[in-house]
Amino acid sequence: PIIESICDSLRQDLRKQEDYIHNAEKIERDLELEHICETVVDLGVRDTFPFEERTFLQLAIKAVDESDIALLNEILNRHKVSVWTNRGENLTQWDLVAAAKSLIESCADLLRQLPEHSANQAALLDFYLAHLREADRLQREFEQSVTDYFDVHDLLKPVIIKARDQYRQLAEKVQILFTKQLEDTGWPPEGRLYNADVFDEIVAPKLQASGQRVAYIMVDALRFELGLELEKQLKDEFEITLRPAYACLPSITLIGMASLLPGAGKNLAIHKKGTSTSDGMVPMLGDIPVGTVPQRMGVFEKRYGSRFAEMRVDNFVDDHYEFDMSVELAVLRSVEIDTQFENTPKTAPSVILRELKNLRVAISMLQKQGFNQVVIATDHGFFMNRQAVEGDVCPKPPGDWLLTHERIALGSGNSDQHHFTMPANQAGIKGEFSQLTGPSTMAAYSKGKLYFHGGASLQECVVPVMEVKLKAQTQPTAQQAVITLNYKKGAKSITSRRPIVEVSVKSDDMFAQAENFEILLEAQNKAGDVIGEAKVGGVVNAATRTVSLQPGDSQKVTIIMDDDFEGSFVIKALNPNTLAEFAYIKLKTNYLDM
């Protein structure tokens, strides 16, 4: 007991952990412990040496594969105090297992509850808003963990397959219910906020009040669960009202962005470009085409004149742009989420958090420029289809159809066993197309779609609308505390693509002792591009990638470096609201020493 107590103390003492890890790794190599002990089945509960931790990881993987959640919980709880959590690669493995467990448990629980909440469309929508959207959040965070983990040997493949299969089962069952109810009930749902009415019902009345300056942020592909994540980021600083809205069909950018314009609820229609469905379509606001960004911005300019200005969110933040005081309606456009998912769906989950960060900074900038309110709306949601299996393809429907974004079609034809089909006007669509059809399941019209929107599913069609009332910020100033960063007692080179950095906060100000300091950690190259970010999970907030510390606190944070980056870089501790720099350390990569 005395020896075990001393060793526990050595492992848990932050001052001695680095030395302990170094010596344990050396002893394991020198004595060839992994080879000698490879036939030992029971290694107890302590992972004195790194090979023991790998053995426990194998047990955790087996527990996931066999759905032994009780054993898995026991292993994960024991591992929380393991000294080997201070190795970045190890931490990403265990975090992936924990994320898989959360997703599997949530999906199984929701599958059990689903029959009680599927009697009609209203019941299913309410169940989604309260509970089902949690599975979408956990799936996104799980896929982020998969991206963060560099699994060259497919060690965790059974865990990944199991988690994705569980989510797939839930998503398919919900989708079949939803499309059946869609045919029976129609769209948009009665008595609920239609996305085409967002501007007229929420934004326009604010502009009628004297002296009000309003920012209208139009985000491409912000699904409902992401709206809740953004709300978490903002609620401590601002007064937030978040409500669900229901996207226009088809749920594509062309139509969705047009639906966010003034007068869209009454006047938006979809017309053919030519004489046949194969010529494509164009959204019209009355007799005005609104299929392009300049056309849509022209609608605002015609109504509000010099009171209106617009630009992209990334340009607004990067250029520190200031709107003229005469501007009472500033329209900011965000396209990064949809763009990244369309082009690089495997790594896109990390881009989501970057864009939420940009929105947060943009709102703080708008506050400083004297804007009173911000309304955030989106065109459509999306579905992450990483769990797709061979054969997840829907045959194109028979008839004279114009396919839109691989998930829905407008035109005319006959229904079949793979599709729901309904009159276009019952789906809220005005214009020259008589019918709407789409896959009854979570399938697309072509293979390999890891991400999609355009169709009819809860993930694609239920979207957030957020009203932000600007007020004074509460983030403590840098002068109230000293924030420091440290890497391996002052080492100047990282030998791992998952380095662990220690961040600490100290303050002599007695009034700042109870304050929480929220810190964003980023690795940046010489050009200022982000080439590494804090790994979400543990002490790092999954919604914001930030860590919150009080004076006197110190935490170790894993940085996920871009796999293709090598060279000199800087890790910065930043204010997440303003991106002001608290502290930094200069490092370089030295992966050859691994």
# chains A, B, ... in the order shown; residues from 1 in each chain; ligands from 1
call {"tool": "closest_atom_pairs", "arguments": {"of": "range 138-184 of chain A", "to": "range 215-235 of chain A", "cutoff": "12 Å", "atoms": "only C-alpha atoms", "output": "CSV"}}
result
residue,atom,partner,partner_atom,distance
A:Leu138,CA,A:Glu225,CA,9.8
A:Gln139,CA,A:Glu225,CA,10.9
A:Arg140,CA,A:Leu226,CA,9.7
A:Glu141,CA,A:Leu226,CA,11.2
call {"tool": "write_last_selection", "arguments": {"atoms": "all heavy atoms", "output": "short mmCIF file (atom, residue, chain, number, x, y, z; two decimals), in the first residue's frame"}}
result
data_model
loop_
_atom_site.label_atom_id
_atom_site.label_comp_id
_atom_site.auth_asym_id
_atom_site.auth_seq_id
_atom_site.Cartn_x
_atom_site.Cartn_y
_atom_site.Cartn_z
N LEU A 138 -24.30 14.76 -30.76
CA LEU A 138 -23.34 13.74 -30.36
C LEU A 138 -22.68 13.09 -31.57
O LEU A 138 -21.50 12.74 -31.53
CB LEU A 138 -24.03 12.68 -29.49
CG LEU A 138 -24.49 13.17 -28.11
CD1 LEU A 138 -25.35 12.12 -27.42
CD2 LEU A 138 -23.29 13.52 -27.23
N GLN A 139 -23.45 12.93 -32.66
CA GLN A 139 -22.85 12.39 -33.88
C GLN A 139 -21.80 13.34 -34.43
O GLN A 139 -20.71 12.92 -34.84
CB GLN A 139 -23.94 12.15 -34.94
CG GLN A 139 -23.39 11.56 -36.23
CD GLN A 139 -23.87 12.30 -37.48
OE1 GLN A 139 -24.41 13.40 -37.39
NE2 GLN A 139 -23.67 11.70 -38.63
N ARG A 140 -22.11 14.64 -34.44
CA ARG A 140 -21.13 15.61 -34.94
C ARG A 140 -19.87 15.62 -34.08
O ARG A 140 -18.74 15.64 -34.61
CB ARG A 140 -21.76 17.01 -34.96
CG ARG A 140 -20.80 18.10 -35.37
CD ARG A 140 -21.49 19.46 -35.47
NE ARG A 140 -22.23 19.80 -34.28
CZ ARG A 140 -21.68 20.27 -33.15
NH1 ARG A 140 -20.37 20.44 -33.08
NH2 ARG A 140 -22.44 20.58 -32.11
N GLU A 141 -20.03 15.56 -32.76
CA GLU A 141 -18.87 15.55 -31.88
C GLU A 141 -18.09 14.25 -32.01
O GLU A 141 -16.84 14.25 -31.94
CB GLU A 141 -19.31 15.78 -30.44
CG GLU A 141 -19.84 17.19 -30.21
CD GLU A 141 -20.27 17.45 -28.78
OE1 GLU A 141 -20.17 16.51 -27.95
OE2 GLU A 141 -20.72 18.57 -28.47
#
call {"tool": "residues_around", "arguments": {"residues": "range 106-113 of chain A", "least_positions_apart": "4", "cutoff": "8 Å", "atoms": "only C-alpha atoms", "output": "ChimeraX atom specification"}}
result
/A:102,117,131-132,134-135,166-167,170
call {"tool": "closest_residue", "arguments": {"among": "A:Gly532, A:Pro398, A:Gly256, A:Pro576", "to": "Thr558 in chain A", "atoms": "only C-alpha atoms"}}
result
A:Gly532
call {"tool": "closest_residue", "arguments": {"among": "A:Gln387, A:Gln295, A:Ala580, A:Lys449", "to": "Val361 in chain A", "atoms": "only C-alpha atoms"}}
result
A:Ala580
call {"tool": "select_by_dssp", "arguments": {"residues": "range 387-575 of chain A", "states": "strand (DSSP E)", "output": "PyMOL selection string"}}
result
chain A and resi 399-404+408-413+419-423+435-439+451-452+462-469+482-486+493-494+500-506+517-524+530-534+546-549+554-561+568-574
call {"tool": "atom_distance", "arguments": {"atom1": "CA of Leu193 in chain A", "atom2": "CA of Leu268 in chain A"}}
result
16.0 Å
call {"tool": "residues_around", "arguments": {"residues": "Ala171 in chain A", "least_positions_apart": "6", "cutoff": "12 Å", "atoms": "only C-alpha atoms", "output": "PyMOL selection string"}}
result
chain A and resi 107-108+110-111+114+128+132-133+135-136+139+164-165+177-178+383-385+387-388+440-443+457-459
call {"tool": "write_last_selection", "arguments": {"atoms": "N, CA and C atoms", "output": "PDB file, in the first residue's frame"}}
result
ATOM      1  N   CYS A 107     -28.499   7.090 -28.764  1.00  0.00           N
ATOM      2  CA  CYS A 107     -29.315   6.535 -29.851  1.00  0.00           C
ATOM      3  C   CYS A 107     -30.190   5.390 -29.369  1.00  0.00           C
ATOM      4  N   ALA A 108     -29.626   4.524 -28.539  1.00  0.00           N
ATOM      5  CA  ALA A 108     -30.406   3.395 -28.015  1.00  0.00           C
ATOM      6  C   ALA A 108     -31.574   3.893 -27.165  1.00  0.00           C
ATOM      7  N   LEU A 110     -33.056   6.880 -27.366  1.00  0.00           N
ATOM      8  CA  LEU A 110     -34.027   7.572 -28.218  1.00  0.00           C
ATOM      9  C   LEU A 110     -34.842   6.587 -29.049  1.00  0.00           C
ATOM     10  N   LEU A 111     -34.231   5.505 -29.463  1.00  0.00           N
ATOM     11  CA  LEU A 111     -34.972   4.468 -30.199  1.00  0.00           C
ATOM     12  C   LEU A 111     -36.068   3.872 -29.330  1.00  0.00           C
ATOM     13  N   LEU A 114     -38.907   6.541 -29.124  1.00  0.00           N
ATOM     14  CA  LEU A 114     -39.492   7.010 -30.374  1.00  0.00           C
ATOM     15  C   LEU A 114     -40.967   6.631 -30.557  1.00  0.00           C
ATOM     16  N   TYR A 128     -38.108  15.970 -31.670  1.00  0.00           N
ATOM     17  CA  TYR A 128     -36.829  16.349 -32.265  1.00  0.00           C
ATOM     18  C   TYR A 128     -36.248  17.574 -31.560  1.00  0.00           C
ATOM     19  N   LEU A 132     -34.317  14.459 -29.915  1.00  0.00           N
ATOM     20  CA  LEU A 132     -33.652  13.811 -31.051  1.00  0.00           C
ATOM     21  C   LEU A 132     -32.457  14.616 -31.564  1.00  0.00           C
ATOM     22  N   ARG A 133     -32.530  15.929 -31.504  1.00  0.00           N
ATOM     23  CA  ARG A 133     -31.417  16.751 -31.997  1.00  0.00           C
ATOM     24  C   ARG A 133     -30.148  16.516 -31.177  1.00  0.00           C
ATOM     25  N   ALA A 135     -28.934  13.612 -30.525  1.00  0.00           N
ATOM     26  CA  ALA A 135     -28.205  12.584 -31.256  1.00  0.00           C
ATOM     27  C   ALA A 135     -27.400  13.206 -32.386  1.00  0.00           C
ATOM     28  N   ASP A 136     -27.939  14.236 -33.035  1.00  0.00           N
ATOM     29  CA  ASP A 136     -27.201  14.936 -34.093  1.00  0.00           C
ATOM     30  C   ASP A 136     -25.961  15.622 -33.524  1.00  0.00           C
ATOM     31  N   GLN A 139     -23.450  12.927 -32.660  1.00  0.00           N
ATOM     32  CA  GLN A 139     -22.854  12.389 -33.880  1.00  0.00           C
ATOM     33  C   GLN A 139     -21.796  13.335 -34.427  1.00  0.00           C
ATOM     34  N   ARG A 164     -21.444   4.460 -35.604  1.00  0.00           N
ATOM     35  CA  ARG A 164     -22.122   4.920 -36.812  1.00  0.00           C
ATOM     36  C   ARG A 164     -23.352   4.065 -37.123  1.00  0.00           C
ATOM     37  N   ASP A 165     -23.255   2.768 -36.881  1.00  0.00           N
ATOM     38  CA  ASP A 165     -24.398   1.896 -37.143  1.00  0.00           C
ATOM     39  C   ASP A 165     -25.570   2.221 -36.227  1.00  0.00           C
ATOM     40  N   LEU A 177     -40.615   7.725 -40.655  1.00  0.00           N
ATOM     41  CA  LEU A 177     -41.783   8.324 -39.994  1.00  0.00           C
ATOM     42  C   LEU A 177     -42.037   9.733 -40.507  1.00  0.00           C
ATOM     43  N   PHE A 178     -40.966  10.526 -40.621  1.00  0.00           N
ATOM     44  CA  PHE A 178     -41.107  11.924 -41.003  1.00  0.00           C
ATOM     45  C   PHE A 178     -41.655  12.074 -42.424  1.00  0.00           C
ATOM     46  N   PHE A 383     -27.349  16.983 -43.265  1.00  0.00           N
ATOM     47  CA  PHE A 383     -27.229  15.657 -42.665  1.00  0.00           C
ATOM     48  C   PHE A 383     -25.821  15.144 -42.927  1.00  0.00           C
ATOM     49  N   MET A 384     -25.141  14.714 -41.856  1.00  0.00           N
ATOM     50  CA  MET A 384     -23.817  14.115 -41.992  1.00  0.00           C
ATOM     51  C   MET A 384     -23.999  12.613 -42.220  1.00  0.00           C
ATOM     52  N   ASN A 385     -23.547  12.142 -43.378  1.00  0.00           N
ATOM     53  CA  ASN A 385     -23.859  10.782 -43.826  1.00  0.00           C
ATOM     54  C   ASN A 385     -22.643   9.860 -43.763  1.00  0.00           C
ATOM     55  N   GLN A 387     -22.108   7.451 -41.902  1.00  0.00           N
ATOM     56  CA  GLN A 387     -22.481   6.075 -41.584  1.00  0.00           C
ATOM     57  C   GLN A 387     -23.085   5.339 -42.773  1.00  0.00           C
ATOM     58  N   ALA A 388     -23.039   5.928 -43.958  1.00  0.00           N
ATOM     59  CA  ALA A 388     -23.618   5.292 -45.143  1.00  0.00           C
ATOM     60  C   ALA A 388     -22.916   3.970 -45.440  1.00  0.00           C
ATOM     61  N   SER A 440     -37.664   8.307 -49.366  1.00  0.00           N
ATOM     62  CA  SER A 440     -38.320   8.110 -48.069  1.00  0.00           C
ATOM     63  C   SER A 440     -37.313   7.833 -46.963  1.00  0.00           C
ATOM     64  N   THR A 441     -36.082   7.472 -47.347  1.00  0.00           N
ATOM     65  CA  THR A 441     -35.042   7.144 -46.376  1.00  0.00           C
ATOM     66  C   THR A 441     -33.907   8.163 -46.467  1.00  0.00           C
ATOM     67  N   MET A 442     -32.880   7.950 -45.656  1.00  0.00           N
ATOM     68  CA  MET A 442     -31.712   8.830 -45.696  1.00  0.00           C
ATOM     69  C   MET A 442     -30.766   8.381 -46.806  1.00  0.00           C
ATOM     70  N   ALA A 443     -31.240   8.504 -48.029  1.00  0.00           N
ATOM     71  CA  ALA A 443     -30.443   8.121 -49.193  1.00  0.00           C
ATOM     72  C   ALA A 443     -30.422   9.280 -50.175  1.00  0.00           C
ATOM     73  N   SER A 457     -35.862  16.104 -44.399  1.00  0.00           N
ATOM     74  CA  SER A 457     -35.569  15.387 -43.160  1.00  0.00           C
ATOM     75  C   SER A 457     -35.562  16.414 -42.041  1.00  0.00           C
ATOM     76  N   LEU A 458     -35.631  15.946 -40.822  1.00  0.00           N
ATOM     77  CA  LEU A 458     -35.612  16.866 -39.689  1.00  0.00           C
ATOM     78  C   LEU A 458     -34.306  17.646 -39.649  1.00  0.00           C
ATOM     79  N   GLN A 459     -33.206  16.972 -39.948  1.00  0.00           N
ATOM     80  CA  GLN A 459     -31.901  17.637 -39.921  1.00  0.00           C
ATOM     81  C   GLN A 459     -31.780  18.715 -40.997  1.00  0.00           C
TER      82      GLN A 459
END
call {"tool": "residues_around", "arguments": {"residues": "Gln373 in chain A", "least_positions_apart": "6", "cutoff": "6 Å", "atoms": "only C-alpha atoms", "output": "short mmCIF file (atom, residue, chain, number, x, y, z; two decimals) with N, CA and C atoms, in the first residue's frame"}}
result
data_model
loop_
_atom_site.label_atom_id
_atom_site.label_comp_id
_atom_site.auth_asym_id
_atom_site.auth_seq_id
_atom_site.Cartn_x
_atom_site.Cartn_y
_atom_site.Cartn_z
N VAL A 214 -29.84 47.23 -36.65
CA VAL A 214 -30.03 45.77 -36.62
C VAL A 214 -29.06 45.12 -37.60
N VAL A 468 -30.45 38.28 -30.81
CA VAL A 468 -29.41 38.62 -29.84
C VAL A 468 -29.56 40.09 -29.47
N LYS A 469 -29.88 40.33 -28.22
CA LYS A 469 -29.96 41.72 -27.73
C LYS A 469 -28.60 42.07 -27.13
N LEU A 470 -27.95 43.06 -27.71
CA LEU A 470 -26.58 43.36 -27.32
C LEU A 470 -26.54 44.09 -25.98
#
call {"tool": "residues_around", "arguments": {"residues": "Ala269 in chain A", "least_positions_apart": "5", "cutoff": "6 Å", "atoms": "only C-alpha atoms", "output": "ChimeraX atom specification"}}
result
/A:283-284,430-431
call {"tool": "residues_around", "arguments": {"residues": "Trp84 in chain A", "least_positions_apart": "3", "cutoff": "12 Å", "atoms": "only C-alpha atoms", "output": "PyMOL selection string"}}
result
chain A and resi 11-12+17-18+20-22+24-25+46-54+56-57+78-81+87-94+500
call {"tool": "atom_distance", "arguments": {"atom1": "CA of His453 in chain A", "atom2": "CA of Ile531 in chain A"}}
result
28.7 Å
call {"tool": "closest_residue", "arguments": {"among": "A:Ser82, A:Thr404, A:Thr147, A:Thr484", "to": "Lys346 in chain A", "atoms": "only C-alpha atoms"}}
result
A:Thr147
call {"tool": "closest_residue", "arguments": {"among": "A:Glu522, A:Asp553, A:Asp562, A:Glu406", "to": "Arg497 in chain A", "atoms": "only C-alpha atoms"}}
result
A:Asp562
call {"tool": "atom_distance", "arguments": {"atom1": "CA of Asp564 in chain A", "atom2": "CA of Arg137 in chain A"}}
result
28.0 Å
